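Asks: Provided herewith is a single structure, encoded as structure tokens, for subsequent inquiry.
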Amino acid sequence: MSVQTPAGYNSQRNLTHVIPSLAASLGAPSHNPLDLPQASSAILLMVDGLGLEQLEHYAAHAPYFRRVMKQQTAAQTEMSSVYPSTTAAALSSLGTALSPGQHGLVGYDVYDPDRDVVINQLGGWDERTDPETWQTAPTVFQQLNEQRQAGVHGIRPVTISLSAFEDSALTRASLQGPSFVGADDLGKRFARAAQAAQQPGNLIYLYVNELDKAGHQHGPGSTTWLEVLEEIDSHARRMIRKLPASTLVAVTGDHGMIEVKPEHRIDFSHHEELIEHVAHTAGEPRMVQLHFDSAATEEQRQATLEAWGHRFGDQAWVVTRQQAIEAGWFGSVTSRVQQRIGDLLIAGFEPVALYDGRRAAPHSFKMVGHHGAPTSAEVRVPWLVVQTP
Ligand SMILES: [Zn+2]
């Protein structure tokens, strides 16, 4: 059986191309795959959880973004996240310009074959796993710092984010290099970005997590989610008015989101045949990754695969690691990362969320918004570009 490349994923136009293009627009001798114009400073507004389909659908609640979208072609507005469509994988691809198969943050929970444990990539790190050895490639920001110190250009990366993320495991693994400005209030973050943009050469990464939070809790399109979208849109519009000439502002998301109804949030661990010979479950409810017991025979693995196909084959792709890699789901995959990917992957194409109830916290079943699968609602994100005159 062969597996199709995920819908909506674009290998020519995705998050790995964003920082190199922004750097090129500020004068770095890097390629500029997104064809950004020359600029004096640049702000990347990263709205966690903002998918293109959700923004198009609720554009009436984002009048400023809608106006920018109308000035662009559909092809210009299209950007793609990576697979899995989840923050750890996507922001690592943004920071390193590498595919998940290369940087190794291949999901929300990821299996570490060296230690035989599953590590939560957004904070479940313990002292025995060092984020800096888990992800060893230099970030694009670090490369820019080195080039600046060598006199190649004057680009200074700056991160503006919630203070809690200054030293988070994800920041240490994949977003190292920029000077860090912490501001917990949403409006303050936009104000700090406008200040930082006054300095020519600044490449500002402005991170917003409020929309993703509202989406998980209440669902994309919920009243709370729409209020947050309206707030972000209006902060962005006001920020742009304060920017000096020739500042570039790009807006994108790390993944989209879908709503999963309570009856489609399923604890698969109740079904013995689905967890037989499985030593570890990882990934996330939209993209489950199963790691077999090393003693499991080929027949036993095949039987578990068939059991998943039997129960969930009409709602989810059920594929082996090999099939997923061959279909390009993780981009190019290094041998170091290969074993971190599940032996068996279950990714919903219908709006289902599959939990391992033995590991999942009870409140996680209350989560309304989900992402992680390679559907276009989850993988396609917006790309809006504005330059001040
Ligand atoms: Zn999320």
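Residues are referred to by chain and number: the chain letter is A, B, ... according to the order shown in the structure tokens, the number counts from 1 in that chain, and ligands are numbered separately from 1 in the order shown.
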Could you make a table, as a tab-separated table, of the residues of chain A that have an atom within 10 Å of an atom of ligand 1, each with its nearest atom pair and distance in Å to one decimal, counting only C-alpha atoms and all ligand atoms, in chain and number order?

Replies:
```
residue	atom	partner	partner_atom_place_in_ligand_line	distance
A:Asp48	CA	ligand 1	1 (Zn)	7.0
A:Gly49	CA	ligand 1	1 (Zn)	5.8
A:Leu50	CA	ligand 1	1 (Zn)	9.5
A:Ser85	CA	ligand 1	1 (Zn)	9.1
A:Thr86	CA	ligand 1	1 (Zn)	6.5
A:Thr87	CA	ligand 1	1 (Zn)	6.2
A:Ala88	CA	ligand 1	1 (Zn)	9.3
A:Tyr108	CA	ligand 1	1 (Zn)	9.4
A:Asn209	CA	ligand 1	1 (Zn)	8.5
A:Glu210	CA	ligand 1	1 (Zn)	10.0
A:Leu211	CA	ligand 1	1 (Zn)	8.9
A:Asp212	CA	ligand 1	1 (Zn)	5.1
A:Lys213	CA	ligand 1	1 (Zn)	6.8
A:Ala214	CA	ligand 1	1 (Zn)	9.4
A:Gly215	CA	ligand 1	1 (Zn)	7.8
A:His216	CA	ligand 1	1 (Zn)	6.5
A:Gln217	CA	ligand 1	1 (Zn)	10.0
A:Asp254	CA	ligand 1	1 (Zn)	8.9
A:His255	CA	ligand 1	1 (Zn)	7.9
A:Gly256	CA	ligand 1	1 (Zn)	8.5
A:Met257	CA	ligand 1	1 (Zn)	7.8
A:Gly369	CA	ligand 1	1 (Zn)	8.1
A:His370	CA	ligand 1	1 (Zn)	6.9
A:His371	CA	ligand 1	1 (Zn)	6.7
A:Gly372	CA	ligand 1	1 (Zn)	8.5
```

Asks: One decimal, Å: what's the distance from atom CA of Ile258 of chain A over to atom CA of Ala316 of chain A, could you say?

Replies: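 Here the two named atoms are 14.5 Å from each other.
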
Asks: Of the residues A:Gly342, A:Gly357, A:Gly123, A:Gly151, which is the one nearest to His271 of chain A, using only C-alpha atoms?

Replies: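 Comparing A:Gly342, A:Gly357, A:Gly123, A:Gly151 against His271 of chain A, the winner is A:Gly357.
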
Asks: Find the residue from A:Pro220, A:Gly27, A:Gly283, A:Gly187 that sits nearest to Ile341 of chain A; use only C-alpha atoms when measuring.

Replies: A:Gly283

Asks: Kindly indicate which residue among A:Val47, A:Ala24, A:Ala279, A:Val140 lies nearest to Ile232 of chain A, using only C-alpha atoms for the distances.

Replies: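 With only C-alpha atoms as the atom set, the closest residue is A:Val47.
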
Asks: Just want the 10 Å neighbourhood of Met287 of chain A, counted on only C-alpha atoms, with same-chain residues fewer than 5 positions away dropped. Output as a list in words.

Replies: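 Residues near the query, excluding close chain neighbours: Tyr83, Pro84, Ser85, Thr86, Gly107, Tyr108, Ala282, Ala316, Trp317, Val318, Leu345, Ile346, Ala347, Gly348, Phe349, Val352, Ala353, Leu354, Tyr355, His371, Gly372, Ala373 and Pro374 of chain A.
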
Asks: Extract the full set of helix (DSSP H, G or I) residues from segment 59-151 of chain A according to DSSP on the backbone, and format it as a ChimeraX atom specification.

Replies: /A:59-61,63-71,74-77,87-96,100-103,131-134,140-149

Asks: Quick one: residues within 7 Å of Ala193 of chain A, only C-alpha atoms counted, chain neighbours fewer than 2 positions away excluded, as number ranges by chain?

Replies: A: 160, 189-191, 195-197, 204, 206

Asks: Dump N, CA and C atoms for the selected residues as a PDB file, in the first residue's frame?

Replies:
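Everything below was put into out_27.pdb:
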```pdb
ATOM      1  N   ILE A 160       9.965  38.410  20.888  1.00  0.00           N
ATOM      2  CA  ILE A 160       9.036  39.038  21.823  1.00  0.00           C
ATOM      3  C   ILE A 160       7.945  38.022  22.106  1.00  0.00           C
ATOM      4  N   ARG A 189       3.003  43.090  24.079  1.00  0.00           N
ATOM      5  CA  ARG A 189       3.886  42.410  23.130  1.00  0.00           C
ATOM      6  C   ARG A 189       3.913  43.153  21.776  1.00  0.00           C
ATOM      7  N   PHE A 190       2.747  43.578  21.314  1.00  0.00           N
ATOM      8  CA  PHE A 190       2.698  44.319  20.043  1.00  0.00           C
ATOM      9  C   PHE A 190       3.432  45.660  20.186  1.00  0.00           C
ATOM     10  N   ALA A 191       3.262  46.322  21.349  1.00  0.00           N
ATOM     11  CA  ALA A 191       3.926  47.610  21.552  1.00  0.00           C
ATOM     12  C   ALA A 191       5.445  47.438  21.558  1.00  0.00           C
ATOM     13  N   GLN A 195       8.342  49.038  19.050  1.00  0.00           N
ATOM     14  CA  GLN A 195       9.565  49.706  19.526  1.00  0.00           C
ATOM     15  C   GLN A 195      10.804  49.083  18.895  1.00  0.00           C
ATOM     16  N   ALA A 196      10.848  47.745  18.925  1.00  0.00           N
ATOM     17  CA  ALA A 196      12.042  47.055  18.411  1.00  0.00           C
ATOM     18  C   ALA A 196      12.245  47.326  16.928  1.00  0.00           C
ATOM     19  N   ALA A 197      11.140  47.539  16.201  1.00  0.00           N
ATOM     20  CA  ALA A 197      11.248  47.740  14.750  1.00  0.00           C
ATOM     21  C   ALA A 197      11.830  49.098  14.392  1.00  0.00           C
ATOM     22  N   ILE A 204      12.354  40.651  14.056  1.00  0.00           N
ATOM     23  CA  ILE A 204      11.580  40.461  15.278  1.00  0.00           C
ATOM     24  C   ILE A 204      10.603  39.300  15.119  1.00  0.00           C
ATOM     25  N   LEU A 206       7.582  37.783  16.823  1.00  0.00           N
ATOM     26  CA  LEU A 206       6.536  38.177  17.775  1.00  0.00           C
ATOM     27  C   LEU A 206       5.555  37.014  17.917  1.00  0.00           C
TER      28      LEU A 206
END
```

Asks: Near Ser179 of chain A, within 9 Å and counting only C-alpha atoms, which residues show up once chain neighbours fewer than 5 positions away are dropped, as an MDAnalysis selection string?

Replies: chainID A and resid 156:160

Asks: Using only C-alpha atoms for the distances, tell me which of A:Val381, A:Leu144, A:Ile266, A:Val118 is nearest to Leu15 of chain A.

Replies: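 The answer is A:Val381, which sits nearest to Leu15 of chain A.
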